[in-house]
Every structure is written in structure tokens, then in C-alpha cells.
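Participant: So here's coords_38.pdb (PDB, C-alpha atoms, pLDDT in the B column).
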```pdb
ATOM      1  CA  MET M  46     -17.450 -39.800  14.807  1.00 82.00           C
ATOM      2  CA  LYS M  47     -14.642 -37.524  13.662  1.00 92.00           C
ATOM      3  CA  VAL M  48     -14.401 -33.805  14.441  1.00 98.00           C
ATOM      4  CA  TYR M  49     -13.396 -31.566  11.530  1.00 98.00           C
ATOM      5  CA  PHE M  50     -11.459 -28.342  12.040  1.00 98.00           C
ATOM      6  CA  VAL M  51     -12.416 -26.399   8.918  1.00 98.00           C
ATOM      7  CA  GLY M  52     -10.878 -23.208   7.603  1.00 98.00           C
ATOM      8  CA  ALA M  53     -13.708 -20.882   6.559  1.00 97.00           C
ATOM      9  CA  GLY M  54     -11.428 -18.684   4.470  1.00 97.00           C
ATOM     10  CA  PRO M  55     -10.887 -14.931   4.804  1.00 97.00           C
ATOM     11  CA  GLY M  56     -14.511 -13.852   4.467  1.00 96.00           C
ATOM     12  CA  ASP M  57     -15.796 -14.306   0.923  1.00 97.00           C
ATOM     13  CA  PRO M  58     -18.222 -17.267   1.185  1.00 97.00           C
ATOM     14  CA  GLU M  59     -16.868 -18.618  -2.099  1.00 97.00           C
ATOM     15  CA  LEU M  60     -13.328 -18.830  -0.705  1.00 98.00           C
ATOM     16  CA  ILE M  61     -14.090 -21.768   1.573  1.00 98.00           C
ATOM     17  CA  THR M  62     -12.664 -24.959   0.056  1.00 98.00           C
ATOM     18  CA  VAL M  63     -14.900 -27.465  -1.720  1.00 98.00           C
ATOM     19  CA  LYS M  64     -14.191 -29.996   1.032  1.00 98.00           C
ATOM     20  CA  GLY M  65     -14.860 -27.460   3.755  1.00 98.00           C
ATOM     21  CA  ARG M  66     -18.214 -26.533   2.261  1.00 98.00           C
ATOM     22  CA  ARG M  67     -19.197 -30.194   1.866  1.00 98.00           C
ATOM     23  CA  LEU M  68     -18.392 -30.943   5.498  1.00 98.00           C
ATOM     24  CA  LEU M  69     -20.315 -27.857   6.617  1.00 98.00           C
ATOM     25  CA  GLU M  70     -23.325 -28.979   4.580  1.00 98.00           C
ATOM     26  CA  GLU M  71     -23.169 -32.437   6.203  1.00 98.00           C
ATOM     27  CA  ALA M  72     -22.582 -31.285   9.789  1.00 98.00           C
ATOM     28  CA  ASP M  73     -25.035 -31.879  12.620  1.00 98.00           C
ATOM     29  CA  VAL M  74     -23.197 -29.480  14.931  1.00 98.00           C
ATOM     30  CA  VAL M  75     -21.202 -26.384  13.905  1.00 98.00           C
ATOM     31  CA  ILE M  76     -19.075 -24.467  16.388  1.00 98.00           C
ATOM     32  CA  TYR M  77     -17.933 -21.297  14.650  1.00 97.00           C
ATOM     33  CA  ALA M  78     -15.652 -18.398  15.549  1.00 92.00           C
ATOM     34  CA  GLY M  79     -18.387 -15.788  15.487  1.00 90.00           C
ATOM     35  CA  SER M  80     -16.130 -12.783  15.949  1.00 84.00           C
ATOM     36  CA  LEU M  81     -14.537 -13.296  12.526  1.00 90.00           C
ATOM     37  CA  VAL M  82     -16.373 -15.880  10.415  1.00 94.00           C
ATOM     38  CA  ASN M  83     -18.664 -14.286   7.838  1.00 95.00           C
ATOM     39  CA  PRO M  84     -22.271 -15.228   8.792  1.00 95.00           C
ATOM     40  CA  GLU M  85     -23.000 -15.804   5.085  1.00 96.00           C
ATOM     41  CA  ILE M  86     -20.861 -18.949   5.239  1.00 97.00           C
ATOM     42  CA  LEU M  87     -23.217 -20.440   7.822  1.00 97.00           C
ATOM     43  CA  LYS M  88     -25.916 -20.567   5.145  1.00 97.00           C
ATOM     44  CA  TYR M  89     -24.151 -23.673   3.836  1.00 98.00           C
ATOM     45  CA  ALA M  90     -25.153 -25.480   7.035  1.00 98.00           C
ATOM     46  CA  ARG M  91     -28.367 -27.514   7.099  1.00 97.00           C
ATOM     47  CA  PRO M  92     -31.368 -25.746   8.687  1.00 96.00           C
ATOM     48  CA  GLU M  93     -31.577 -28.435  11.367  1.00 97.00           C
ATOM     49  CA  ALA M  94     -27.877 -28.218  12.303  1.00 98.00           C
ATOM     50  CA  ARG M  95     -27.092 -26.913  15.789  1.00 97.00           C
ATOM     51  CA  LEU M  96     -24.956 -23.769  15.609  1.00 98.00           C
ATOM     52  CA  TYR M  97     -22.761 -22.505  18.449  1.00 97.00           C
ATOM     53  CA  ASN M  98     -20.912 -19.180  18.439  1.00 97.00           C
ATOM     54  CA  SER M  99     -17.605 -19.783  20.208  1.00 96.00           C
ATOM     55  CA  ALA M 100     -16.837 -16.053  20.639  1.00 92.00           C
ATOM     56  CA  SER M 101     -18.227 -16.116  24.188  1.00 92.00           C
ATOM     57  CA  LEU M 102     -17.246 -19.696  25.058  1.00 95.00           C
ATOM     58  CA  THR M 103     -14.254 -21.049  26.949  1.00 96.00           C
ATOM     59  CA  LEU M 104     -12.154 -23.973  25.754  1.00 97.00           C
ATOM     60  CA  GLU M 105     -13.855 -26.182  28.320  1.00 97.00           C
ATOM     61  CA  GLU M 106     -17.313 -25.194  27.077  1.00 98.00           C
ATOM     62  CA  VAL M 107     -16.346 -25.879  23.464  1.00 97.00           C
ATOM     63  CA  LEU M 108     -15.005 -29.296  24.431  1.00 98.00           C
ATOM     64  CA  ALA M 109     -18.176 -30.099  26.360  1.00 97.00           C
ATOM     65  CA  ILE M 110     -20.273 -29.387  23.241  1.00 98.00           C
ATOM     66  CA  ILE M 111     -17.994 -31.534  21.111  1.00 98.00           C
ATOM     67  CA  ARG M 112     -17.939 -34.407  23.585  1.00 97.00           C
ATOM     68  CA  GLU M 113     -21.739 -34.438  23.913  1.00 97.00           C
ATOM     69  CA  ALA M 114     -22.233 -34.288  20.137  1.00 97.00           C
ATOM     70  CA  VAL M 115     -19.746 -37.085  19.464  1.00 97.00           C
ATOM     71  CA  SER M 116     -21.354 -39.271  22.144  1.00 96.00           C
ATOM     72  CA  GLU M 117     -24.651 -38.819  20.280  1.00 96.00           C
ATOM     73  CA  GLY M 118     -23.070 -39.827  16.971  1.00 96.00           C
ATOM     74  CA  LYS M 119     -23.302 -36.296  15.586  1.00 97.00           C
ATOM     75  CA  ARG M 120     -21.016 -34.918  12.861  1.00 97.00           C
ATOM     76  CA  VAL M 121     -19.111 -31.909  14.238  1.00 98.00           C
ATOM     77  CA  VAL M 122     -17.455 -29.065  12.339  1.00 98.00           C
ATOM     78  CA  ARG M 123     -15.268 -26.624  14.264  1.00 98.00           C
ATOM     79  CA  LEU M 124     -15.283 -23.645  11.902  1.00 98.00           C
ATOM     80  CA  HIS M 125     -12.344 -21.248  12.144  1.00 97.00           C
ATOM     81  CA  THR M 126     -11.656 -18.106  10.153  1.00 95.00           C
ATOM     82  CA  GLY M 127      -8.972 -18.142   7.447  1.00 97.00           C
ATOM     83  CA  ASP M 128      -6.707 -21.147   7.901  1.00 97.00           C
ATOM     84  CA  PRO M 129      -7.012 -22.830  11.314  1.00 96.00           C
ATOM     85  CA  SER M 130      -3.242 -23.205  11.701  1.00 96.00           C
ATOM     86  CA  LEU M 131      -2.684 -19.429  11.905  1.00 95.00           C
ATOM     87  CA  TYR M 132      -3.767 -17.823  15.188  1.00 93.00           C
ATOM     88  CA  GLY M 133      -6.599 -20.338  15.418  1.00 92.00           C
ATOM     89  CA  ALA M 134      -5.811 -21.644  18.938  1.00 93.00           C
ATOM     90  CA  ILE M 135      -6.518 -25.144  17.648  1.00 96.00           C
ATOM     91  CA  GLN M 136      -3.542 -26.967  19.166  1.00 97.00           C
ATOM     92  CA  GLU M 137      -5.050 -26.912  22.644  1.00 97.00           C
ATOM     93  CA  GLN M 138      -8.329 -28.181  21.212  1.00 97.00           C
ATOM     94  CA  MET M 139      -6.624 -30.992  19.313  1.00 97.00           C
ATOM     95  CA  ASP M 140      -4.549 -32.015  22.341  1.00 98.00           C
ATOM     96  CA  ALA M 141      -7.728 -32.172  24.429  1.00 97.00           C
ATOM     97  CA  LEU M 142      -9.454 -34.321  21.809  1.00 98.00           C
ATOM     98  CA  GLU M 143      -6.418 -36.614  21.786  1.00 97.00           C
ATOM     99  CA  SER M 144      -6.727 -37.076  25.555  1.00 97.00           C
ATOM    100  CA  LEU M 145     -10.442 -37.805  25.156  1.00 96.00           C
ATOM    101  CA  GLY M 146      -9.818 -40.330  22.403  1.00 97.00           C
ATOM    102  CA  ILE M 147     -11.886 -38.340  19.886  1.00 97.00           C
ATOM    103  CA  PRO M 148     -10.553 -38.499  16.305  1.00 97.00           C
ATOM    104  CA  TYR M 149     -10.243 -35.301  14.306  1.00 98.00           C
ATOM    105  CA  GLU M 150      -9.070 -33.934  10.965  1.00 98.00           C
ATOM    106  CA  ILE M 151      -7.888 -30.504   9.825  1.00 98.00           C
ATOM    107  CA  VAL M 152      -9.209 -29.017   6.580  1.00 98.00           C
ATOM    108  CA  PRO M 153      -6.984 -26.089   5.512  1.00 98.00           C
ATOM    109  CA  GLY M 154      -8.461 -22.767   4.465  1.00 98.00           C
ATOM    110  CA  VAL M 155      -7.475 -19.680   2.501  1.00 98.00           C
ATOM    111  CA  SER M 156      -5.700 -17.350   4.905  1.00 97.00           C
ATOM    112  CA  SER M 157      -6.411 -13.636   5.065  1.00 97.00           C
ATOM    113  CA  PHE M 158      -2.763 -12.903   4.237  1.00 97.00           C
ATOM    114  CA  ALA M 159      -3.343 -14.507   0.820  1.00 98.00           C
ATOM    115  CA  ALA M 160      -6.566 -12.557   0.378  1.00 98.00           C
ATOM    116  CA  ALA M 161      -4.719  -9.352   1.296  1.00 98.00           C
ATOM    117  CA  ALA M 162      -2.095  -9.999  -1.399  1.00 98.00           C
ATOM    118  CA  ALA M 163      -4.932 -10.511  -3.866  1.00 98.00           C
ATOM    119  CA  ALA M 164      -6.500  -7.218  -2.759  1.00 98.00           C
ATOM    120  CA  VAL M 165      -3.326  -5.241  -3.467  1.00 98.00           C
ATOM    121  CA  LYS M 166      -2.595  -7.313  -6.605  1.00 98.00           C
ATOM    122  CA  ARG M 167       0.993  -8.045  -5.613  1.00 97.00           C
ATOM    123  CA  GLU M 168       3.181 -11.142  -5.209  1.00 97.00           C
ATOM    124  CA  PHE M 169       4.938 -11.612  -1.862  1.00 98.00           C
ATOM    125  CA  THR M 170       7.897 -13.496  -3.344  1.00 97.00           C
ATOM    126  CA  LEU M 171       9.368 -11.409  -6.157  1.00 96.00           C
ATOM    127  CA  PRO M 172      12.776 -12.414  -7.595  1.00 94.00           C
ATOM    128  CA  GLY M 173      15.426  -9.910  -6.591  1.00 94.00           C
ATOM    129  CA  VAL M 174      13.153  -8.378  -3.952  1.00 96.00           C
ATOM    130  CA  SER M 175      12.136 -10.985  -1.388  1.00 96.00           C
ATOM    131  CA  GLN M 176      11.859 -14.760  -1.237  1.00 96.00           C
ATOM    132  CA  THR M 177      10.651 -14.812   2.363  1.00 98.00           C
ATOM    133  CA  VAL M 178       7.269 -13.962   3.907  1.00 98.00           C
ATOM    134  CA  ILE M 179       7.015 -13.129   7.605  1.00 98.00           C
ATOM    135  CA  LEU M 180       3.596 -13.692   9.197  1.00 98.00           C
ATOM    136  CA  THR M 181       3.565 -12.239  12.677  1.00 96.00           C
ATOM    137  CA  ARG M 182       1.829 -10.067  15.253  1.00 95.00           C
ATOM    138  CA  ARG M 183       2.875  -7.397  17.695  1.00 92.00           C
ATOM    139  CA  THR M 184       3.300  -8.412  21.304  1.00 85.00           C
ATOM    140  CA  GLY M 185       0.281  -7.706  23.487  1.00 81.00           C
ATOM    141  CA  ARG M 186      -1.695  -9.715  26.024  1.00 79.00           C
ATOM    142  CA  THR M 187      -0.259 -12.692  24.145  1.00 81.00           C
ATOM    143  CA  PRO M 188       3.492 -11.986  24.212  1.00 85.00           C
ATOM    144  CA  VAL M 189       5.793 -12.977  21.360  1.00 88.00           C
ATOM    145  CA  PRO M 190       8.899 -15.088  22.093  1.00 90.00           C
ATOM    146  CA  ALA M 191      12.317 -13.496  22.411  1.00 86.00           C
ATOM    147  CA  GLY M 192      13.786 -12.727  19.008  1.00 89.00           C
ATOM    148  CA  GLU M 193      10.366 -12.360  17.364  1.00 93.00           C
ATOM    149  CA  ASN M 194       9.694  -8.744  18.270  1.00 94.00           C
ATOM    150  CA  LEU M 195       9.088  -6.364  15.387  1.00 96.00           C
ATOM    151  CA  PRO M 196      12.416  -4.494  15.544  1.00 96.00           C
ATOM    152  CA  ASP M 197      14.280  -7.804  15.262  1.00 95.00           C
ATOM    153  CA  LEU M 198      12.114  -9.110  12.431  1.00 96.00           C
ATOM    154  CA  SER M 199      12.312  -5.808  10.555  1.00 97.00           C
ATOM    155  CA  ARG M 200      16.035  -6.241  10.038  1.00 96.00           C
ATOM    156  CA  HIS M 201      15.349  -9.066   7.570  1.00 96.00           C
ATOM    157  CA  ARG M 202      13.494  -6.626   5.276  1.00 97.00           C
ATOM    158  CA  ALA M 203      11.453  -9.565   3.971  1.00 98.00           C
ATOM    159  CA  SER M 204       7.847  -9.271   2.816  1.00 98.00           C
ATOM    160  CA  LEU M 205       5.777  -9.022   5.974  1.00 98.00           C
ATOM    161  CA  CYS M 206       2.135  -9.378   6.968  1.00 98.00           C
ATOM    162  CA  LEU M 207       1.158  -8.191  10.423  1.00 97.00           C
ATOM    163  CA  PHE M 208      -1.903  -9.764  12.067  1.00 95.00           C
ATOM    164  CA  LEU M 209      -3.950  -8.688  15.074  1.00 86.00           C
ATOM    165  CA  SER M 210      -2.284  -5.319  15.510  1.00 86.00           C
ATOM    166  CA  SER M 211      -4.654  -2.748  13.994  1.00 86.00           C
ATOM    167  CA  ARG M 212      -5.153  -0.896  17.277  1.00 86.00           C
ATOM    168  CA  ASP M 213      -1.387  -0.602  17.822  1.00 90.00           C
ATOM    169  CA  LEU M 214      -0.522   0.521  14.303  1.00 94.00           C
ATOM    170  CA  GLU M 215       1.420   3.640  15.347  1.00 95.00           C
ATOM    171  CA  ALA M 216       3.671   1.641  17.664  1.00 95.00           C
ATOM    172  CA  ALA M 217       3.952  -1.268  15.230  1.00 96.00           C
ATOM    173  CA  THR M 218       5.003   0.864  12.273  1.00 97.00           C
ATOM    174  CA  ALA M 219       7.531   2.759  14.394  1.00 97.00           C
ATOM    175  CA  GLU M 220       9.099  -0.536  15.450  1.00 97.00           C
ATOM    176  CA  LEU M 221       9.133  -1.906  11.901  1.00 97.00           C
ATOM    177  CA  ALA M 222      10.692   1.290  10.568  1.00 98.00           C
ATOM    178  CA  LEU M 223      13.794   0.602  12.654  1.00 97.00           C
ATOM    179  CA  GLY M 224      14.804  -2.031  10.119  1.00 97.00           C
ATOM    180  CA  TYR M 225      12.772  -1.281   7.004  1.00 97.00           C
ATOM    181  CA  GLY M 226      12.993   2.500   7.109  1.00 97.00           C
ATOM    182  CA  ASN M 227      10.148   5.020   7.023  1.00 97.00           C
ATOM    183  CA  GLU M 228       9.967   5.103   3.212  1.00 97.00           C
ATOM    184  CA  THR M 229       9.292   1.378   2.794  1.00 98.00           C
ATOM    185  CA  PRO M 230       5.958   0.761   1.032  1.00 98.00           C
ATOM    186  CA  ALA M 231       3.090  -0.345   3.262  1.00 98.00           C
ATOM    187  CA  ALA M 232      -0.593  -1.107   2.880  1.00 98.00           C
ATOM    188  CA  VAL M 233      -3.471  -1.697   5.275  1.00 98.00           C
ATOM    189  CA  VAL M 234      -6.103  -4.132   4.030  1.00 98.00           C
ATOM    190  CA  TYR M 235      -9.392  -3.968   5.902  1.00 97.00           C
ATOM    191  CA  LYS M 236     -11.624  -7.071   5.767  1.00 96.00           C
ATOM    192  CA  ALA M 237      -9.815  -8.728   2.870  1.00 97.00           C
ATOM    193  CA  SER M 238     -12.274 -10.396   0.450  1.00 97.00           C
ATOM    194  CA  TRP M 239     -15.399  -9.103   2.267  1.00 96.00           C
ATOM    195  CA  PRO M 240     -17.826  -6.817   0.375  1.00 95.00           C
ATOM    196  CA  GLU M 241     -16.617  -3.896   2.523  1.00 95.00           C
ATOM    197  CA  GLU M 242     -12.929  -4.541   1.773  1.00 97.00           C
ATOM    198  CA  ARG M 243     -10.768  -1.408   1.748  1.00 97.00           C
ATOM    199  CA  VAL M 244      -7.095  -0.870   0.929  1.00 98.00           C
ATOM    200  CA  ILE M 245      -5.037   2.055   2.233  1.00 97.00           C
ATOM    201  CA  TYR M 246      -1.620   2.618   0.635  1.00 98.00           C
ATOM    202  CA  GLY M 247       1.316   4.516   2.065  1.00 98.00           C
ATOM    203  CA  THR M 248       4.711   4.054   3.657  1.00 98.00           C
ATOM    204  CA  LEU M 249       5.738   2.929   7.111  1.00 98.00           C
ATOM    205  CA  GLY M 250       6.108   6.588   7.960  1.00 97.00           C
ATOM    206  CA  ASN M 251       2.497   7.554   7.198  1.00 97.00           C
ATOM    207  CA  ILE M 252       0.328   4.430   6.927  1.00 97.00           C
ATOM    208  CA  ALA M 253      -0.753   4.535  10.581  1.00 96.00           C
ATOM    209  CA  ALA M 254      -2.061   8.101  10.224  1.00 96.00           C
ATOM    210  CA  LYS M 255      -3.795   7.277   6.939  1.00 97.00           C
ATOM    211  CA  SER M 256      -5.446   4.223   8.486  1.00 96.00           C
ATOM    212  CA  ARG M 257      -6.582   6.223  11.499  1.00 94.00           C
ATOM    213  CA  GLU M 258      -8.050   8.924   9.242  1.00 95.00           C
ATOM    214  CA  ALA M 259      -9.956   6.193   7.380  1.00 94.00           C
ATOM    215  CA  GLY M 260     -11.441   4.999  10.670  1.00 94.00           C
ATOM    216  CA  ILE M 261      -9.872   1.527  10.511  1.00 94.00           C
ATOM    217  CA  GLU M 262      -9.361   0.121  13.996  1.00 86.00           C
ATOM    218  CA  ARG M 263      -9.732  -3.652  13.657  1.00 88.00           C
ATOM    219  CA  THR M 264     -10.053  -6.603  11.256  1.00 91.00           C
ATOM    220  CA  ALA M 265      -7.181  -5.298   9.139  1.00 96.00           C
ATOM    221  CA  LEU M 266      -3.767  -6.548   8.066  1.00 97.00           C
ATOM    222  CA  LEU M 267      -0.619  -4.493   7.585  1.00 98.00           C
ATOM    223  CA  LEU M 268       1.523  -5.424   4.581  1.00 98.00           C
ATOM    224  CA  VAL M 269       5.108  -4.156   4.495  1.00 98.00           C
ATOM    225  CA  GLY M 270       7.905  -4.505   1.989  1.00 98.00           C
ATOM    226  CA  ASP M 271       9.329  -3.563  -1.371  1.00 97.00           C
ATOM    227  CA  PHE M 272       7.167  -6.231  -3.006  1.00 97.00           C
ATOM    228  CA  LEU M 273       4.378  -3.636  -2.924  1.00 98.00           C
ATOM    229  CA  SER M 274       6.084  -1.457  -5.539  1.00 94.00           C
ATOM    230  CA  GLY M 275       9.264  -1.005  -7.480  1.00 82.00           C
ATOM    231  CA  PRO M 276      11.393  -3.102  -9.843  1.00 90.00           C
ATOM    232  CA  TYR M 277      11.984  -6.857  -9.691  1.00 89.00           C
ATOM    233  CA  ARG M 278      13.726  -9.500 -11.763  1.00 88.00           C
ATOM    234  CA  ARG M 279      11.931 -11.670 -14.269  1.00 84.00           C
ATOM    235  CA  SER M 280      11.173 -15.172 -13.012  1.00 80.00           C
ATOM    236  CA  CYS M 281      13.468 -17.941 -14.256  1.00 72.00           C
ATOM    237  CA  LEU M 282      10.522 -20.338 -14.388  1.00 74.00           C
ATOM    238  CA  TYR M 283       9.041 -18.892 -17.582  1.00 70.00           C
ATOM    239  CA  ASN M 284      12.235 -17.484 -19.052  1.00 63.00           C
ATOM    240  CA  PRO M 285      12.878 -19.086 -22.487  1.00 67.00           C
ATOM    241  CA  ALA M 286      16.608 -19.313 -21.694  1.00 59.00           C
ATOM    242  CA  PHE M 287      16.044 -21.257 -18.463  1.00 61.00           C
ATOM    243  CA  SER M 288      16.015 -25.067 -18.483  1.00 59.00           C
ATOM    244  CA  HIS M 289      14.132 -27.186 -15.986  1.00 61.00           C
ATOM    245  CA  GLY M 290      12.615 -30.646 -15.770  1.00 60.00           C
ATOM    246  CA  TYR M 291       9.736 -29.806 -18.102  1.00 63.00           C
ATOM    247  CA  ARG M 292      11.427 -27.603 -20.690  1.00 58.00           C
ATOM    248  CA  LYS M 293      14.825 -27.173 -22.281  1.00 67.00           C
ATOM    249  CA  GLY M 294      16.028 -23.588 -22.432  1.00 67.00           C
ATOM    250  CA  GLU M 295      16.710 -21.895 -25.715  1.00 71.00           C
ATOM    251  CA  LYS M 296      20.288 -20.912 -26.523  1.00 66.00           C
ATOM    252  CA  SER M 297      20.867 -17.260 -27.309  1.00 58.00           C
ATOM    253  CA  GLY M 298      23.465 -15.686 -29.536  1.00 51.00           C
ATOM    254  CA  GLY M 299      24.597 -16.159 -33.094  1.00 45.00           C
TER     255      GLY M 299
END
```
Represent the supplied structure as C-alpha cells.

Facilitator:
Amino acid sequence: MKVYFVGAGPGDPELITVKGRRLLEEADVVIYAGSLVNPEILKYARPEARLYNSASLTLEEVLAIIREAVSEGKRVVRLHTGDPSLYGAIQEQMDALESLGIPYEIVPGVSSFAAAAAAVKREFTLPGVSQTVILTRRTGRTPVPAGENLPDLSRHRASLCLFLSSRDLEAATAELALGYGNETPAAVVYKASWPEERVIYGTLGNIAAKSREAGIERTALLLVGDFLSGPYRRSCLYNPAFSHGYRKGEKSGG
């Protein structure tokens, strides 16, 4: 039997993919990231399915559950929040399955950074503003490699989404301001796509204080960049004067 790593999406039960929901409905065993996956999504699982919350489990314990289930011919879904490829710690699981000779497949999910952009109703990649999106985190118990610290990344002034750093927001915004500047627009999105979603707007100079006053300490993303406000250029894609493979541009003038 094959093991499926499924992205549960950012929180809204309807933002799991069609394939992800189908696999969840067919699963005999579901191992889910209980600290972040919305419990409502587990309602898609069959009543007789065995559910395991991985929040308190080690890698070895997760693998033991998978190995036992596969040996019994059970269908296994490893349910991760958002998209499994972002901060999902799935590589070590996949490498272990490879060594055990257990086949697996990855089913992508909607990441919380996409849900956060939807919450603020902005596009990360605006012409004339930014064509690059930085997805990162502040160094902590899991250090970031050299060259990926926030002061270095801030010098690019690209659109940025900061994960897993809500408790260090004061330090994170101070580091980002070294490149972006204190007046750069910023937003904190708490529980993007969940019923309790909240958005706090500000600048790098004041967003940490505003977030603290709102009582937001975890499960939030920090968005930074001029994409959040201000002017931008019209897209060439839908400009009548722009030619591409599906449309010939109109000539202007007399």
C-alpha cells in the first residue's frame, strides 16, 4: 500500500484539494498534525478510520504506526497543515519510507501564505513593485543558514511572508526594518481562512505593538512589502497593446 502525504490547507475545511479530501475519505489510518490542522477537516475521515495526533509523537513513533498499518494492508494518510513542502518536516519521513521500501505520494495543499494574501486582498507579485516572494522564518531553535537571516533578506525589499515567528515579532520587525525601512507596509494575519481569522495592518515600525495589543501570540503570519499598498503598473498580460501567443496586440496612434 502507498502512503499519502496530504496538504490539509490553511484551515478552512473547503480549502483541502479534491484529491486530498478523497484520499482522506478512503483512508484506514490518518496521522494528522494536531497542533495546526483544523479538527473540522477530520470529519471527512470514515468513522472507522484510526486517527493519530502526531503533535506528541516522535518521528520514530510515526514511522512505527505507518509501518504497522502498511503491513496490514491499510491505506495511510499523513495529514499536514497547509502544503506539506513548507515547514512540514516531511523529507525525513520520506527518506525513512524509502529505506523501508514503502511507496508514498505527495498531494500538495493550499499554503497559509496564499490564504494570508487572500485575507488582505492583495497580490504578492505586482508589476513595478515586486516579482519575488520570500517565504522564510526567523532563526530560533531551528537556525537559518548563513545568508538567510532577516537583515540580509530585507535588503531585497521583495514581498515577504514570515512564518513561525509570532512570538518574536518585535525582534523580527526590527531586523526587517534594516532593509525595508520602518514605514514599509506590514500586516499580521492570524489564523488565515479560519472562522476566527483576524488581520492587523500597520508598518514595520508599529505592527509588532499593534499585534501585541490585539493579543496575537501564535498561529499568525507577517506580511511585509509595498505590495500591500501604493501604486503599481498595469499588467502586460491583459493590456490591449501587448501581444502574446494567444492574442495580437492592438496598434495605437493615428

Participant: Between CA of Gly250 (chain M) and CA of Val234 (chain M), what is the distance in Å, rounded to a tenth?

Facilitator: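 Atom-to-atom, CA of Gly250 (chain M) to CA of Val234 (chain M), that is 16.7 Å.
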
Participant: Glu242 (chain M): which residues within 10 Å, counting all atoms listed in the file, same-chain residues fewer than 6 positions away excluded, as an MDAnalysis selection string?

Facilitator: chainID M and resid 56 161 164 234:236 265

Participant: Provide the CA of Lys64 (chain M) to CA of Leu207 (chain M) distance in Å, to one decimal place.

Facilitator: 28.3 Å

Participant: Skipping near chain neighbours, those fewer than 6 positions away, what residues fall within 10 Å of Leu195 (chain M) using all atoms listed in the file, listed as number ranges by chain?

Facilitator: M: 181-184, 189, 207, 216-224

Participant: Calculate how many Å separate CA of Ala259 (chain M) from CA of Asp57 (chain M), rounding to one decimal.

Facilitator: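 The value is 22.3 Å.
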
Participant: Since I can't run it myself right now, could you work out what the PyMOL selection byres ((chain M and resi 233) around 8) selects here and report it as a PyMOL selection string?

Facilitator: chain M and resi 231-232+234-235+244-246+252+256+265-268

Participant: Selected by the PyMOL selection byres ((chain M and resi 74-78) around 8) in the shown coordinates: which residues, as an MDAnalysis selection string?

Facilitator: chainID M and resid 69 72:73 79:82 90 94:100 107 114 119:126

Participant: With C-alpha atoms retained, could you export that selection as a PDB file, keeping the file's coordinate frame?

Facilitator:
```
ATOM      1  CA  LEU M  69     -20.315 -27.857   6.617  1.00 98.00           C
ATOM      2  CA  ALA M  72     -22.582 -31.285   9.789  1.00 98.00           C
ATOM      3  CA  ASP M  73     -25.035 -31.879  12.620  1.00 98.00           C
ATOM      4  CA  GLY M  79     -18.387 -15.788  15.487  1.00 90.00           C
ATOM      5  CA  SER M  80     -16.130 -12.783  15.949  1.00 84.00           C
ATOM      6  CA  LEU M  81     -14.537 -13.296  12.526  1.00 90.00           C
ATOM      7  CA  VAL M  82     -16.373 -15.880  10.415  1.00 94.00           C
ATOM      8  CA  ALA M  90     -25.153 -25.480   7.035  1.00 98.00           C
ATOM      9  CA  ALA M  94     -27.877 -28.218  12.303  1.00 98.00           C
ATOM     10  CA  ARG M  95     -27.092 -26.913  15.789  1.00 97.00           C
ATOM     11  CA  LEU M  96     -24.956 -23.769  15.609  1.00 98.00           C
ATOM     12  CA  TYR M  97     -22.761 -22.505  18.449  1.00 97.00           C
ATOM     13  CA  ASN M  98     -20.912 -19.180  18.439  1.00 97.00           C
ATOM     14  CA  SER M  99     -17.605 -19.783  20.208  1.00 96.00           C
ATOM     15  CA  ALA M 100     -16.837 -16.053  20.639  1.00 92.00           C
ATOM     16  CA  VAL M 107     -16.346 -25.879  23.464  1.00 97.00           C
ATOM     17  CA  ALA M 114     -22.233 -34.288  20.137  1.00 97.00           C
ATOM     18  CA  LYS M 119     -23.302 -36.296  15.586  1.00 97.00           C
ATOM     19  CA  ARG M 120     -21.016 -34.918  12.861  1.00 97.00           C
ATOM     20  CA  VAL M 121     -19.111 -31.909  14.238  1.00 98.00           C
ATOM     21  CA  VAL M 122     -17.455 -29.065  12.339  1.00 98.00           C
ATOM     22  CA  ARG M 123     -15.268 -26.624  14.264  1.00 98.00           C
ATOM     23  CA  LEU M 124     -15.283 -23.645  11.902  1.00 98.00           C
ATOM     24  CA  HIS M 125     -12.344 -21.248  12.144  1.00 97.00           C
ATOM     25  CA  THR M 126     -11.656 -18.106  10.153  1.00 95.00           C
TER      26      THR M 126
END
```

Participant: As a list in words, please: the residues near Leu60 (chain M) (cut-off 9 Å, all atoms listed in the file, same-chain neighbours under 5 positions excluded).

Facilitator: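 Listed by chain and then number, they are Ala53, Gly54, Pro55, Gly154, Val155 and Ser238 of chain M.
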
Participant: Around all the atoms of region 62-67 of chain M listed in the file, draw an axis-aligned box and extend it by 4 Å on each of the six sides; I want its centre and edge lengths in Å to one decimal, as AutoDock Vina command-line options.

Facilitator:
```
--center_x -15.9 --center_y -27.6 --center_z 1.0 --size_x 14.5 --size_y 13.2 --size_z 13.5
```

Participant: Applying the PyMOL selection byres ((chain M and resi 129) around 9) to the file I just gave you, which residues come out? Please list them as a list in words.

Facilitator: Phe50, Val51, Gly52, Ala53, Leu124, His125, Thr126, Gly127, Asp128, Ser130, Leu131, Tyr132, Gly133, Ala134, Ile135, Ile151, Val152, Pro153, Gly154 and Ser156 of chain M

Participant: Of the candidates M:Gly260, M:Ile86, M:Glu193, M:Ala237, which shows the shortest atom-to-atom distance to Thr62 (chain M), using only C-alpha atoms?

Facilitator: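 The answer is M:Ile86, which sits nearest to Thr62 (chain M).
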
Participant: Quick one: of M:Val115, M:Ala163, M:Leu102, M:Leu180, who's nearest to Pro148 (chain M), counting only C-alpha atoms?

Facilitator: M:Val115

Participant: So, counting all atoms listed in the file, which residue among M:Asp271, M:Glu70, M:Glu137, M:Glu59 is closest to Arg202 (chain M)?

Facilitator: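 Smallest separation from Arg202 (chain M) among the options: M:Asp271.
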